Amino acid sequence: DTITPIPSPPGLPIVGNATQINPVAQRQSFSDFADKYGEVYRIWLPGKRSIVMCNSHRLINELCDEKRFAKVPNGVLAEIRNGVHDGLFTAKPGEENWGIAHRVLMPAYVSSRSGSIVRPHFFYLSEAVAVQFQRYSQINISQMALKFARYGPSTPIPASDDFTRLALDTLALCSMGFRFNSFYTKELHPFIEAMGNFLVESGKRPSRVLPSFFYRADDAKYWEDIEVLRNTAQEVLEARKKHPNDRKDLLNAMLSGADPKSGKHMSDTSIIDNLITFLIAGHETTSGTLAFAFFRLLKNPQAYQRVQQEVDEVIGKGPITVEHLSKLPYITAVLRETLRLDAPISIFGVVSLEDQLLAGRYPVAKDEPCALFLTCAHVDPAVWGDDAHDFKPERMLDEPFSKLPKNAWKPFGNGARACIGRPFAMQEAILAVAMLFQNFNFVMHDPSYNLAIKQTLTIKPDNFFMRAIIRDGLS
Ligand code: HEM
């Protein structure tokens, strides 16, 4: 008698709740439903597809049990899969290529349990790689810093756009030695353009309500964009095969690595799938994190000052070295707290492996998709207290952070399907914050700006502008 049916917002015949979900602000629609229905509700999409939306820590904790739930690429991920197949991000459970790629690359990205970077477990586990990555990142961050300096103190900086350029350039350079040079070119590289279009269209396709005939032009463009992505990645691969080098990047790791379990190597198709996957999975997430972090810091002057103080005390005015990065606990905490309040991937999905009850009372069916909605779960007062909505990096310093309840903080996903690029992303973000604070004072361009969200595959601050003033004595 404790069994409780999961509530559903009333919808329309055939399309279900699809028309109540704002396609460009899904996160807001889901939050609004959560305000009304509480920790769990079920939405219905065209084709009688349902999703059980879970909003509390105790339910998310259950969805993280890999014996009961598994990641299956549904919705947007199923659309992205059209472009990158069984690459790491979009693979189905048990697919052979996922296993090979995962084991070939995993040593490259061993993440520390506390979320901080524990050298030498970074990238390829070796000092040489960490240093090389550091150098590549710095090239790109310096290009961005030069641009900020050229802007001068009064020009508004479009934070989300510039951090996106930075993250993409860094990823392309570190993973395949490719230079987009986004800070130097007015026109975006055709690959970037195609990737943007592909992601936007992938986001729209699952909520189509008209017969496919109406989407012929969109479909043609979608497949064309996929071809641009794949052809570019193929050219990069062919060029590397023709002119091998000993760079310690992902492309070489994929070309030379053998799966310790089967002895197999990754196929060319799988390498192409994963090259594109890294750019997709890694650039908007990292740039969103940086943009949100700057927004939060500019709204919280005390936290801003502590970051400044840490940079000045630990690094000073000289060059930043790899050793510095593990000695910046406050910046690390700022990024973790940002990822709690503004997780760029604010929702991810699993399916139920059996007919079962959630929290001992809510029935879900075998194969039914369930979503971990971090926007709500990350502010669950049961874990975070009454000030859950406040930005307080102190609660994310190593000591409290390592004692958080299990599965309370999930911005990097879960279990075997968690983010493989986590240490990479954290290192890049820490480095970017440190370098920028070393060289500039930042102010909000419009102090009355309130956070607005732009949503594609990920979320980012929309229309957020800041200004950068070169710090005294550093010009
Ligand atoms: C998976 C978040 C940066 C590559 C994931 C997942 C999340 C996530 C939530 C799981 C998605 C799901 O379950 O469907 C983030 C965040 C980042 C970040 C918040 C930055 C702050 C990166 C970077 C890379 C990357 C820099 C590449 C270098 C991947 C890949 C997967 C993944 C390949 C799929 C792993 C698998 O299923 O085997 N990420 N990510 N991510 N991420 Fe990241």
# chains A, B, ... in the order shown; residues from 1 in each chain; ligands from 1

$ select_by_dssp --residues "range 184-357 of chain A" --states "helix (DSSP H, G or I)" --output "ChimeraX atom specification"
/A:190-207,212-242,250-256,268-299,301-314,322-325,329-341

$ residues_near_ligand --ligand "ligand 1" --cutoff "7 Å" --atoms "only C-alpha atoms and all ligand atoms" --output "PyMOL selection string"
chain A and resi 71+88-91+98+102+171+277-279+281-283+285-286+289+339+343-345+348-349+411-414+416-422+424-426

$ closest_residue --among "A:Lys403, A:Ala468, A:Gln134, A:Phe373" --to "Tyr41 in chain A" --atoms "only C-alpha atoms"
A:Phe373

$ residues_around --residues "Arg103 in chain A" --least-positions-apart "6" --cutoff "10 Å" --atoms "only C-alpha atoms" --output "number ranges by chain"
A: 97, 257-262

$ closest_residue --among "A:Lys299, A:Arg42, A:Arg58, A:Arg471" --to "His378 in chain A" --atoms "only C-alpha atoms"
A:Arg58

$ decode --residues "range 1-20 of chain A" --atoms "C-alpha atoms" --output "mmCIF file, in the first residue's frame"
data_model
loop_
_atom_site.group_PDB
_atom_site.id
_atom_site.type_symbol
_atom_site.label_atom_id
_atom_site.label_comp_id
_atom_site.auth_asym_id
_atom_site.auth_seq_id
_atom_site.Cartn_x
_atom_site.Cartn_y
_atom_site.Cartn_z
ATOM 1 C CA ASP A 1 0.000 0.000 0.000
ATOM 2 C CA THR A 2 2.996 2.286 -0.055
ATOM 3 C CA ILE A 3 3.150 2.033 -3.843
ATOM 4 C CA THR A 4 2.642 5.511 -5.264
ATOM 5 C CA PRO A 5 1.988 6.145 -8.949
ATOM 6 C CA ILE A 6 4.379 8.689 -10.465
ATOM 7 C CA PRO A 7 2.515 11.911 -11.292
ATOM 8 C CA SER A 8 2.440 13.310 -14.841
ATOM 9 C CA PRO A 9 1.677 16.837 -16.001
ATOM 10 C CA PRO A 10 -1.540 16.642 -18.050
ATOM 11 C CA GLY A 11 -0.600 16.604 -21.748
ATOM 12 C CA LEU A 12 -2.214 16.464 -25.182
ATOM 13 C CA PRO A 13 -3.167 13.369 -27.184
ATOM 14 C CA ILE A 14 -0.380 12.084 -29.482
ATOM 15 C CA VAL A 15 2.256 14.705 -28.583
ATOM 16 C CA GLY A 16 1.965 14.249 -24.798
ATOM 17 C CA ASN A 17 3.868 16.975 -22.921
ATOM 18 C CA ALA A 18 6.090 17.883 -25.913
ATOM 19 C CA THR A 19 4.463 21.257 -26.485
ATOM 20 C CA GLN A 20 4.900 22.202 -22.803
#
